[in-house]
>>> print(open('final14.txt').read())   # compact mmCIF, C-alpha atoms
# COMPACT_ATOMS: atom_id res chain seq x y z
CA MET A 29 117.14 169.79 73.21
CA ASP A 30 114.52 167.37 72.02
CA TYR A 31 111.46 167.77 74.22
CA THR A 32 108.99 165.76 72.21
CA ASN A 33 109.33 162.61 74.26
CA GLN A 34 109.61 164.21 77.67
CA ARG A 35 107.38 166.28 79.85
CA PRO A 36 108.43 169.93 79.95
CA PRO A 37 110.07 170.58 83.31
CA GLN A 38 107.62 172.56 85.33
CA ASN A 39 109.35 173.88 88.42
CA TYR A 40 113.02 173.30 87.74
CA SER A 41 115.42 175.06 85.46
CA GLN A 42 117.87 172.20 84.93
CA MET A 43 117.06 168.77 83.49
CA ASP A 44 119.51 167.14 85.93
CA ASP A 45 117.74 168.70 88.88
CA GLN A 46 114.49 167.37 87.37
CA LYS A 47 115.78 163.80 87.30
CA THR A 48 117.08 163.90 90.85
CA GLN A 49 113.86 165.43 92.07
CA ASP A 50 111.85 162.74 90.24
CA LEU A 51 113.64 160.05 92.19
CA GLU A 52 113.34 161.83 95.50
CA GLU A 53 109.70 162.84 95.38
CA SER A 54 107.00 160.58 96.74
CA VAL A 55 104.93 158.28 94.56
CA SER A 56 101.80 160.26 95.20
CA GLU A 57 103.45 163.45 93.97
CA THR A 58 104.56 161.76 90.75
CA ILE A 59 101.13 160.33 90.17
CA MET A 60 99.43 163.66 90.88
CA ARG A 61 101.76 165.39 88.43
CA ASP A 62 100.95 162.85 85.74
CA LEU A 63 97.24 163.13 86.44
CA LYS A 64 97.42 166.90 86.21
CA MET A 65 99.16 166.63 82.84
CA ILE A 66 96.45 164.28 81.61
CA ALA A 67 93.71 166.59 82.87
CA TYR A 68 95.39 169.57 81.26
CA LYS A 69 95.72 167.82 77.91
CA LEU A 70 92.15 166.60 78.14
CA LYS A 71 90.83 170.11 78.66
CA TYR A 72 93.08 171.29 75.85
CA VAL A 73 91.83 168.70 73.38
CA LEU A 74 88.14 168.76 74.20
CA ILE A 75 87.55 172.45 74.74
CA PRO A 76 88.65 174.18 71.54
CA LYS A 77 88.72 177.61 73.20
CA GLU A 78 91.75 176.47 75.22
CA GLN A 79 93.78 176.04 72.07
CA GLU A 80 95.42 179.45 71.92
CA ASP A 81 98.67 178.12 70.52
CA ASN A 82 97.02 176.28 67.63
CA GLY A 83 97.62 172.70 68.49
CA LYS A 84 101.27 172.90 69.39
CA GLU A 85 100.67 171.49 72.87
CA LEU A 86 99.77 168.19 71.20
CA ARG A 87 103.40 167.72 70.30
CA ASN A 88 103.97 166.64 73.91
CA TRP A 89 101.99 163.50 73.32
CA ASP A 90 101.55 160.75 75.86
CA LEU A 91 99.68 157.47 75.78
CA TRP A 92 98.74 157.29 79.48
CA GLY A 93 95.58 159.31 78.97
CA PRO A 94 94.34 157.20 76.06
CA LEU A 95 95.17 154.02 77.96
CA ILE A 96 93.20 155.13 81.02
CA PHE A 97 90.16 156.13 78.98
CA CYS A 98 90.32 152.95 76.92
CA LEU A 99 90.47 150.76 80.03
CA VAL A 100 87.66 152.67 81.76
CA LEU A 101 85.44 152.36 78.69
CA ALA A 102 86.21 148.67 78.19
CA MET A 103 85.60 147.93 81.87
CA THR A 104 82.37 149.95 82.03
CA LEU A 105 80.94 148.22 78.99
CA SER A 106 82.06 144.73 79.94
CA PHE A 107 80.76 145.24 83.47
CA LYS A 108 77.39 146.26 82.05
CA ALA A 109 77.27 143.48 79.44
CA GLU A 110 74.61 141.01 80.34
CA SER A 111 75.71 137.46 80.16
CA THR A 112 75.01 134.08 81.53
CA THR A 113 78.64 133.14 81.15
CA THR A 114 81.79 135.20 81.50
CA SER A 115 82.60 134.85 77.80
CA THR A 116 80.42 137.74 76.70
CA LYS A 117 81.96 140.10 79.23
CA SER A 118 85.45 139.22 78.07
CA ASP A 119 84.26 139.44 74.44
CA VAL A 120 83.12 142.99 75.00
CA PHE A 121 86.30 143.98 76.83
CA ALA A 122 88.48 142.51 74.08
CA ILE A 123 86.46 144.07 71.28
CA ILE A 124 86.53 147.56 72.80
CA PHE A 125 90.24 147.40 73.68
CA VAL A 126 91.26 146.14 70.24
CA LEU A 127 88.83 148.49 68.51
CA ILE A 128 90.27 151.57 70.18
CA TRP A 129 93.94 150.83 69.61
CA VAL A 130 93.70 149.18 66.21
CA GLY A 131 91.12 151.76 65.14
CA ALA A 132 93.33 154.68 66.19
CA PHE A 133 96.27 153.02 64.44
CA ILE A 134 94.36 152.55 61.19
CA VAL A 135 92.85 156.04 61.23
CA THR A 136 96.31 157.55 61.76
CA LEU A 137 97.83 155.32 59.09
CA ASN A 138 95.08 156.45 56.73
CA ALA A 139 95.94 160.09 57.37
CA GLN A 140 99.63 159.39 56.77
CA LEU A 141 98.93 157.50 53.56
CA LEU A 142 96.82 160.38 52.31
CA GLY A 143 99.92 162.51 52.56
CA GLY A 144 99.53 163.96 56.03
CA LYS A 145 102.85 164.60 57.68
CA VAL A 146 102.15 163.97 61.31
CA SER A 147 103.84 162.18 64.10
CA PHE A 148 102.10 158.85 64.44
CA PHE A 149 101.82 158.92 68.22
CA GLN A 150 100.63 162.51 68.28
CA SER A 151 97.59 161.48 66.31
CA VAL A 152 96.95 158.32 68.34
CA CYS A 153 97.23 160.47 71.48
CA LEU A 154 94.62 162.90 70.20
CA LEU A 155 92.22 160.17 69.13
CA GLY A 156 92.66 158.50 72.51
CA TYR A 157 91.90 161.69 74.44
CA CYS A 158 88.80 162.28 72.32
CA VAL A 159 87.44 158.94 73.54
CA PHE A 160 86.68 160.68 76.86
CA PRO A 161 83.15 161.87 75.86
CA ILE A 162 82.32 158.31 74.82
CA ASN A 163 83.39 157.31 78.35
CA ILE A 164 80.94 159.81 79.84
CA GLU A 165 78.16 158.54 77.64
CA ALA A 166 78.93 154.90 78.49
CA ILE A 167 78.81 155.65 82.22
CA ILE A 168 75.51 157.55 81.88
CA ILE A 169 73.94 154.70 79.91
CA ALA A 170 75.41 152.08 82.24
CA PHE A 171 73.90 153.62 85.35
CA PHE A 172 70.72 155.22 84.09
CA GLY A 173 70.08 153.30 80.86
CA SER A 174 67.59 150.85 82.28
CA TYR A 175 65.37 153.68 83.52
CA LEU A 176 65.32 155.61 80.28
CA PRO A 177 63.36 154.88 77.12
CA PHE A 178 65.43 154.24 74.03
CA LEU A 179 64.85 157.59 72.39
CA VAL A 180 65.96 159.48 75.49
CA LYS A 181 69.13 157.36 75.62
CA LEU A 182 69.94 158.50 72.10
CA ILE A 183 70.35 162.11 73.21
CA PRO A 184 73.50 161.79 75.37
CA VAL A 185 74.88 159.22 72.93
CA PHE A 186 74.49 161.56 70.01
CA LEU A 187 75.80 164.59 71.89
CA CYS A 188 78.92 162.80 73.14
CA PHE A 189 79.57 161.30 69.71
CA ALA A 190 79.28 164.76 68.17
CA TRP A 191 81.63 166.19 70.80
CA SER A 192 84.28 163.49 70.21
CA ALA A 193 84.03 163.77 66.46
CA TYR A 194 84.13 167.57 66.48
CA SER A 195 87.21 167.67 68.74
CA SER A 196 89.26 165.33 66.61
CA VAL A 197 88.05 166.34 63.16
CA GLY A 198 89.68 169.77 63.33
CA PHE A 199 93.10 168.26 63.94
CA MET A 200 92.75 165.44 61.40
CA ALA A 201 91.46 167.72 58.67
CA SER A 202 94.39 170.08 59.14
CA LEU A 203 96.87 167.29 58.45
CA VAL A 204 95.97 166.59 54.84
CA PRO A 205 95.63 168.72 51.71
CA PRO A 206 92.21 170.42 51.33
CA HIS A 207 90.84 168.16 48.59
CA LYS A 208 91.47 165.09 50.72
CA LYS A 209 89.94 166.36 53.95
CA LYS A 210 86.77 164.27 53.82
CA LEU A 211 88.85 161.17 53.08
CA ALA A 212 90.81 161.72 56.30
CA VAL A 213 87.78 162.70 58.38
CA TYR A 214 85.36 159.92 57.42
CA PRO A 215 87.37 157.16 59.21
CA VAL A 216 87.42 159.28 62.38
CA PHE A 217 83.66 159.60 62.18
CA LEU A 218 83.29 155.83 61.64
CA PHE A 219 85.62 155.10 64.57
CA TYR A 220 83.64 157.15 67.08
CA LEU A 221 80.37 155.85 65.62
CA PHE A 222 81.49 152.27 66.31
CA LEU A 223 82.39 153.17 69.91
CA SER A 224 79.20 155.16 70.50
CA TRP A 225 77.12 152.34 69.12
CA PHE A 226 78.77 149.93 71.55
CA SER A 227 78.10 152.14 74.53
CA LEU A 228 74.48 152.46 73.43
CA ILE A 229 73.73 148.78 72.98
CA VAL A 230 75.53 147.20 75.87
CA MET B 26 113.13 175.37 62.76
CA GLN B 27 112.20 171.75 63.22
CA ASN B 28 108.77 170.87 61.97
CA TYR B 29 107.18 168.14 64.09
CA GLY B 30 103.57 168.78 63.43
CA SER B 31 101.29 169.36 60.48
CA ASN B 32 102.70 170.46 57.17
CA ASN B 33 100.05 173.17 56.89
CA ASP B 34 101.29 176.16 58.84
CA LEU B 35 98.96 178.36 60.85
CA ASP B 36 99.01 182.15 60.77
CA GLU B 37 98.46 184.47 63.77
CA LYS B 38 94.70 183.98 63.77
CA GLY B 39 95.05 180.23 63.77
CA GLN B 40 93.81 179.81 60.21
CA VAL B 41 95.40 177.20 58.01
CA MET B 42 97.51 178.80 55.28
CA THR B 43 96.78 176.47 52.40
CA ASP B 44 98.65 178.47 49.79
CA GLN B 45 101.84 178.25 51.80
CA PRO B 46 104.59 176.76 49.67
CA LYS B 47 105.93 173.53 51.14
CA ILE B 48 109.01 174.31 53.18
CA LYS B 49 111.78 171.79 52.70
CA VAL B 50 112.71 170.56 56.14
CA LYS B 51 116.46 170.41 56.53
CA PHE B 52 116.55 167.79 59.25
CA GLU B 53 114.57 165.08 57.46
CA PRO B 54 116.87 162.09 56.87
CA LYS B 55 116.89 160.66 53.35
CA PRO B 56 114.68 157.57 53.22
CA LYS B 57 116.95 154.54 53.05
CA PRO B 58 116.11 151.99 50.33
CA SER B 59 114.27 149.35 52.28
CA ALA B 60 114.91 145.63 52.07
CA CYS B 61 111.17 145.12 51.81
CA PRO B 62 109.69 147.82 49.55
CA ILE B 63 106.18 146.44 49.87
CA CYS B 64 106.37 146.95 53.65
CA THR B 65 106.98 150.69 53.57
CA ILE B 66 104.37 153.41 53.79
CA GLU B 67 105.77 155.10 50.68
CA TYR B 68 104.82 152.10 48.55
CA TYR B 69 101.19 152.37 49.55
CA GLN B 70 101.00 156.15 49.41
CA LYS B 71 100.56 156.00 45.67
CA PHE B 72 97.31 154.13 46.24
CA PHE B 73 95.93 156.96 48.35
CA ASP B 74 96.64 159.66 45.82
CA ILE B 75 92.99 160.45 45.19
CA GLU B 76 90.54 163.19 46.02
CA GLN B 77 87.05 163.24 47.47
CA ARG B 78 85.63 163.80 44.05
CA ASP B 79 87.40 160.72 42.65
CA VAL B 80 85.95 158.48 45.33
CA TYR B 81 82.47 159.84 44.63
CA MET B 82 82.88 159.21 40.87
CA ARG B 83 84.14 155.65 41.43
CA VAL B 84 81.28 154.77 43.77
CA ARG B 85 78.87 156.23 41.23
CA CYS B 86 80.49 154.09 38.50
CA SER B 87 80.03 151.01 40.63
CA LEU B 88 76.38 151.74 41.39
CA LEU B 89 75.65 152.23 37.68
CA SER B 90 77.15 148.82 37.17
CA TRP B 91 76.00 148.06 33.65
CA LYS B 92 78.21 150.77 32.14
CA PRO B 93 81.79 149.55 31.59
CA GLU B 94 83.27 152.87 32.65
CA PHE B 95 85.19 151.89 35.73
CA GLN B 96 88.60 151.63 34.09
CA GLN B 97 88.10 155.12 32.66
CA CYS B 98 87.08 156.39 36.09
CA VAL B 99 90.15 154.86 37.68
CA ALA B 100 92.42 156.13 34.86
CA LYS B 101 95.39 153.98 35.82
CA ASN B 102 95.26 155.27 39.40
CA PRO B 103 93.80 152.43 41.47
CA ASP B 104 93.20 153.36 45.06
CA LEU B 105 93.00 151.41 48.29
CA TRP B 106 91.08 154.03 50.29
CA GLY B 107 87.78 152.96 48.75
CA PRO B 108 88.11 149.21 49.30
CA LEU B 109 89.37 149.68 52.86
CA TRP B 110 86.70 152.07 54.12
CA ILE B 111 83.81 150.64 52.13
CA SER B 112 84.52 147.21 53.62
CA THR B 113 84.91 148.66 57.13
CA THR B 114 81.56 150.48 56.78
CA ILE B 115 79.96 147.22 55.68
CA ILE B 116 81.38 145.46 58.75
CA PHE B 117 79.80 148.08 60.99
CA ILE B 118 76.45 147.80 59.20
CA LEU B 119 76.54 144.00 59.43
CA PHE B 120 77.26 144.10 63.13
CA ALA B 121 74.85 146.87 64.06
CA GLY B 122 72.20 146.10 61.46
CA GLY B 123 72.25 142.34 61.93
CA ASN B 124 71.69 142.69 65.64
CA LEU B 125 69.09 145.43 65.13
CA SER B 126 67.17 143.19 62.77
CA ARG B 127 67.09 140.43 65.38
CA PHE B 128 66.07 142.98 68.01
CA LEU B 129 63.09 144.13 65.97
CA LEU B 130 61.88 140.55 65.72
CA GLU B 131 62.49 139.72 69.36
CA GLU B 132 59.44 139.59 71.55
CA ASP B 133 61.25 139.81 74.85
CA LYS B 134 63.05 143.06 74.16
CA LYS B 135 64.26 143.63 77.69
CA HIS B 136 66.40 140.52 77.70
CA PHE B 137 67.81 140.81 74.25
CA GLN B 138 71.25 139.22 73.94
CA TYR B 139 73.65 140.92 71.59
CA GLU B 140 75.62 138.53 69.47
CA TYR B 141 79.22 139.73 69.54
CA ASN B 142 80.30 136.92 67.24
CA TYR B 143 78.80 138.97 64.44
CA MET B 144 81.80 141.24 64.73
CA TYR B 145 84.38 138.51 64.22
CA VAL B 146 82.50 136.82 61.41
CA ALA B 147 81.85 140.15 59.66
CA VAL B 148 85.52 141.13 59.82
CA PHE B 149 86.62 137.77 58.45
CA LEU B 150 84.00 137.61 55.71
CA VAL B 151 84.19 141.14 54.41
CA TYR B 152 87.96 141.54 54.47
CA ALA B 153 88.33 138.13 52.78
CA MET B 154 85.94 139.24 50.04
CA ALA B 155 87.46 142.69 49.68
CA PHE B 156 91.15 141.78 49.84
CA VAL B 157 92.07 138.09 49.96
CA ILE B 158 89.96 136.94 47.03
CA PRO B 159 90.83 139.82 44.67
CA ILE B 160 94.54 139.47 45.49
CA ILE B 161 94.46 135.78 44.60
CA LEU B 162 92.35 136.46 41.51
CA GLY B 163 94.63 139.33 40.53
CA PHE B 164 97.70 137.15 40.80
CA ILE B 165 96.09 134.45 38.69
CA MET B 166 94.99 136.97 36.11
CA LYS B 167 98.28 138.78 35.93
CA TYR B 168 100.79 135.95 36.08
CA ILE B 169 98.93 132.97 34.67
CA LEU B 170 96.41 134.53 32.31
CA LYS B 171 98.68 137.44 31.36
CA SER B 172 96.28 140.31 31.85
CA GLU B 173 97.27 143.99 31.63
CA LEU B 174 95.42 144.63 34.85
CA GLY B 175 97.60 144.67 37.94
CA VAL B 176 96.75 143.02 41.24
CA PHE B 177 95.81 146.34 42.82
CA ASP B 178 93.49 147.19 39.91
CA VAL B 179 91.52 144.05 40.71
CA VAL B 180 91.52 144.85 44.45
CA CYS B 181 90.26 148.35 43.69
CA MET B 182 87.50 146.98 41.47
CA TYR B 183 86.38 144.42 44.03
CA GLY B 184 86.38 147.03 46.77
CA TYR B 185 84.14 149.39 44.85
CA SER B 186 81.89 146.52 43.76
CA LEU B 187 80.99 146.11 47.44
CA SER B 188 79.75 149.69 47.70
CA VAL B 189 76.22 148.69 46.69
CA TYR B 190 76.02 146.49 49.78
CA ILE B 191 76.21 149.54 52.04
CA PHE B 192 72.72 150.52 50.90
CA VAL B 193 71.44 146.97 50.52
CA LEU B 194 72.43 145.90 54.03
CA ILE B 195 70.87 148.98 55.63
CA LEU B 196 67.63 148.09 53.86
CA CYS B 197 67.99 144.47 55.01
CA ILE B 198 67.41 145.60 58.57
CA ILE B 199 63.69 145.50 57.70
CA PRO B 200 62.75 142.13 59.20
CA TYR B 201 60.73 140.73 56.31
CA ASN B 202 62.07 137.66 54.55
CA GLU B 203 60.90 138.56 51.05
CA ALA B 204 62.18 142.13 51.35
CA GLN B 205 65.59 140.93 52.51
CA TRP B 206 65.90 138.44 49.66
CA PHE B 207 64.86 141.08 47.16
CA PHE B 208 67.46 143.57 48.37
CA LEU B 209 70.21 140.96 48.57
CA MET B 210 69.44 139.67 45.09
CA SER B 211 69.56 143.15 43.60
CA GLY B 212 72.83 143.77 45.41
CA LEU B 213 74.22 140.52 44.07
CA ALA B 214 73.13 141.37 40.53
CA ASN B 215 74.59 144.86 40.71
CA SER B 216 77.91 143.73 42.17
CA THR B 217 78.39 140.75 39.84
CA ILE B 218 77.37 142.65 36.72
CA PHE B 219 79.83 145.41 37.67
CA LEU B 220 82.71 142.95 37.94
CA LEU B 221 81.84 141.02 34.80
CA VAL B 222 81.19 144.07 32.65
CA ASN B 223 84.46 145.70 33.62
CA LEU B 224 86.46 142.52 33.14
CA TRP B 225 84.71 141.66 29.87
CA ASP B 226 87.47 143.14 27.72
CA PHE B 227 89.90 140.81 29.35
CA MET B 228 87.58 137.80 29.47
CA LYS B 229 86.52 137.75 25.84
CA LYS B 230 90.07 137.01 24.68
CA SER B 231 89.97 133.26 25.14
CA LYS B 232 88.21 130.34 26.78
CA PRO B 233 90.48 130.09 29.86
CA THR B 234 90.03 133.77 30.59
CA LEU B 235 86.26 133.35 30.33
CA MET B 236 86.52 130.79 33.13
CA ILE B 237 87.41 133.61 35.49
CA ALA B 238 83.73 134.56 35.51
CA ILE B 239 82.87 131.38 37.42
CA PRO B 240 84.78 132.06 40.64
CA ILE B 241 83.61 135.69 40.56
CA ILE B 242 79.96 134.63 40.44
CA VAL B 243 80.45 131.81 42.94
CA PHE B 244 82.11 134.04 45.55
CA ASN B 245 79.50 136.77 45.20
CA VAL B 246 76.67 134.26 45.62
CA ALA B 247 78.42 132.74 48.64
CA LEU B 248 78.75 136.21 50.14
CA ILE B 249 75.05 137.04 50.01
CA LEU B 250 74.14 133.59 51.27
CA CYS B 251 76.38 134.24 54.28
CA PHE B 252 74.73 137.64 54.75
CA LYS B 253 71.27 136.14 54.67
CA PHE B 254 71.81 132.98 56.66
CA TYR B 255 74.11 134.33 59.32
CA PHE B 256 73.50 138.02 59.84
CA PHE B 257 69.93 138.44 58.78
CA ARG B 258 68.44 135.07 59.52
CA LEU B 259 64.89 135.40 60.68
CA ILE B 260 64.09 133.21 63.61
CA TYR B 261 60.42 132.59 63.75
CA ALA B 262 58.76 131.76 67.04
CA VAL B 263 58.16 128.05 67.27
CA ASP B 264 54.69 127.03 68.29
CA ASP B 265 54.83 124.42 70.99
>>> encode(input="final14.txt", output="structure tokens")
Amino acid sequence: MDYTNQRPPQNYSQMDDQKTQDLEESVSETIMRDLKMIAYKLKYVLIPKEQEDNGKELRNWDLWGPLIFCLVLAMTLSFKAESTTTSTKSDVFAIIFVLIWVGAFIVTLNAQLLGGKVSFFQSVCLLGYCVFPINIEAIIIAFFGSYLPFLVKLIPVFLCFAWSAYSSVGFMASLVPPHKKKLAVYPVFLFYLFLSWFSLIV
Amino acid sequence: MQNYGSNNDLDEKGQVMTDQPKIKVKFEPKPKPSACPICTIEYYQKFFDIEQRDVYMRVRCSLLSWKPEFQQCVAKNPDLWGPLWISTTIIFILFAGGNLSRFLLEEDKKHFQYEYNYMYVAVFLVYAMAFVIPIILGFIMKYILKSELGVFDVVCMYGYSLSVYIFVLILCIIPYNEAQWFFLMSGLANSTIFLLVNLWDFMKKSKPTLMIAIPIIVFNVALILCFKFYFFRLIYAVDD
């Protein structure tokens, strides 16, 4: 059976039972199950110690997690963006949203063009999950930024950027042949640098 | 066993086995000949067939612009990795650096307004310079002026010619007019000389081919004027 596009059934032995149960369970149960999957994958991606099976869990990719983190980041930054008119807030939202999805697309395309054989959505999923530390940093700066001097603000920004980059670099570097590793990793670094810079300045 | 993930297998300890021979996957369908070959990934993969070392050598060739060594460096293997990521880096530097330069000049730092338009203008300007103009020039050179250089050779050359601007634009953050002009002029000189020197073999053939130097110089000058007057313009406080 092809499991790559479906969640692995957790409590039920038969796929048919799974589908019937999906329809019968309450909305809150479905949502909680999805949220737990996202939290599990997040822990898996960001805490390298959890990766006992060497990255195979990533084959069950999903785009809900990346979408949630992208929206939270875009909303945090556009909420914080100072403006006399609404156009700057919507500018920021649009830039962040497009930057994340187009950026993840281009970084993945780059890895594929360099010869990496990877499922496209698997890589976009990973890059999306690794946006989570940037989210943390954006929220810290949004709430406490005005009280902190610039140099102190740089510390969480740098740490979260390093965390994002470190989590995704391992996966991206493993996709391509050894003499092309830096060529695959540099775009990832640039991508998170762009996002970190945004969360710092807004 | 179906292979969904990376082509580099992992052993028990989780280390990548790089000397693993490539296992032919039985389930991979044969790629169908596409109606639009230029739209497939396979067409562009040959432009990413370079190593880290190659990129370093090509950037070095472009920085030492007076030596006509670029075609030797490229060795009939033009790449698109360089042009793409050099231009994207420049976009980031323009956006971040341009705003930073304004910030350093601003007296009222607490109410500094970031100009997000810099992003749109930078994307348009840099990608036009790195891709649109060399593609048009390449077509003219190849199909009208009958050059041996392909369109992608010209794109590759243009992309690497922009690499000097990475350093120049970082230095342009310093908010002094004379310093900015100095850096931009040296960047212009380096970039234009690189293009002219490497196209000289082609240009010296005849008068029409020599004319190609004019649009090259014009577009480079226009580029640094845009850099100076849009991204790094210095707004002096007006005395009332």
>>> residues_around(input="final14.txt", residues="segment 191-201 of chain A", least_positions_apart="3", cutoff="7 Å", atoms="only C-alpha atoms", output="list of chain:residue names")
A:Val73, A:Leu74, A:Leu154, A:Leu155, A:Cys158, A:Val159, A:Pro161, A:Leu187, A:Cys188, A:Val204, A:Lys209, A:Ala212, A:Val213, A:Val216, A:Phe217, A:Tyr220
>>> closest_residue(input="final14.txt", among="A:Leu218, A:Val152, A:Ala67, A:Leu95", to="chain B", atoms="all atoms listed in the file")
A:Leu218
>>> closest_atom_pairs(input="final14.txt", of="segment 118-200 of chain A", to="segment 131-137 of chain B", cutoff="12 Å", atoms="all atoms listed in the file", output="JSON lines")
{"residue": "A:Gly173", "atom": "CA", "partner": "B:Lys135", "partner_atom": "CA", "distance": 11.7}
{"residue": "A:Ser174", "atom": "CA", "partner": "B:Lys135", "partner_atom": "CA", "distance": 9.2}
{"residue": "A:Tyr175", "atom": "CA", "partner": "B:Lys135", "partner_atom": "CA", "distance": 11.7}
{"residue": "A:Pro177", "atom": "CA", "partner": "B:Lys135", "partner_atom": "CA", "distance": 11.3}
{"residue": "A:Phe178", "atom": "CA", "partner": "B:Lys135", "partner_atom": "CA", "distance": 11.3}
>>> atom_distance(input="final14.txt", atom1="atom CA of Tyr141 of chain B", atom2="atom CA of Leu211 of chain A")
28.7 Å
>>> interface_residues(input="final14.txt", of="chain A", to="chain B", cutoff="6 Å", atoms="all atoms listed in the file", output="NGL selection string")
:A and (82 or 141-142 or 145-146 or 203 or 207-208)
>>> closest_residue(input="final14.txt", among="B:Ser231, B:Ser126, B:Asn245, B:Thr65", to="Leu187 of chain B", atoms="all atoms listed in the file")
B:Asn245
>>> atom_distance(input="final14.txt", atom1="atom CA of Leu105 of chain B", atom2="atom CA of Tyr185 of chain B")
9.7 Å
>>> atom_distance(input="final14.txt", atom1="atom CA of Ile229 of chain A", atom2="atom CA of Tyr190 of chain B")
23.4 Å
>>> residues_around(input="final14.txt", residues="Tyr157 of chain A", least_positions_apart="4", cutoff="7 Å", atoms="all atoms listed in the file", output="JSON, numbers by chain")
{"A": [70, 93, 94, 153]}
>>> closest_residue(input="final14.txt", among="B:Val99, B:Leu119, B:Ala60, B:Ile242", to="Phe222 of chain A", atoms="only C-alpha atoms")
B:Leu119
>>> residues_around(input="final14.txt", residues="Phe156 of chain B", least_positions_apart="4", cutoff="9 Å", atoms="all atoms listed in the file", output="short mmCIF file (atom, residue, chain, number, x, y, z; two decimals) with C-alpha atoms, in the coordinates of the input")
data_model
loop_
_atom_site.label_atom_id
_atom_site.label_comp_id
_atom_site.auth_asym_id
_atom_site.auth_seq_id
_atom_site.Cartn_x
_atom_site.Cartn_y
_atom_site.Cartn_z
CA PRO B 108 88.11 149.21 49.30
CA LEU B 109 89.37 149.68 52.86
CA VAL B 151 84.19 141.14 54.41
CA TYR B 152 87.96 141.54 54.47
CA ILE B 160 94.54 139.47 45.49
CA ILE B 161 94.46 135.78 44.60
CA VAL B 180 91.52 144.85 44.45
CA TYR B 183 86.38 144.42 44.03
CA GLY B 184 86.38 147.03 46.77
#
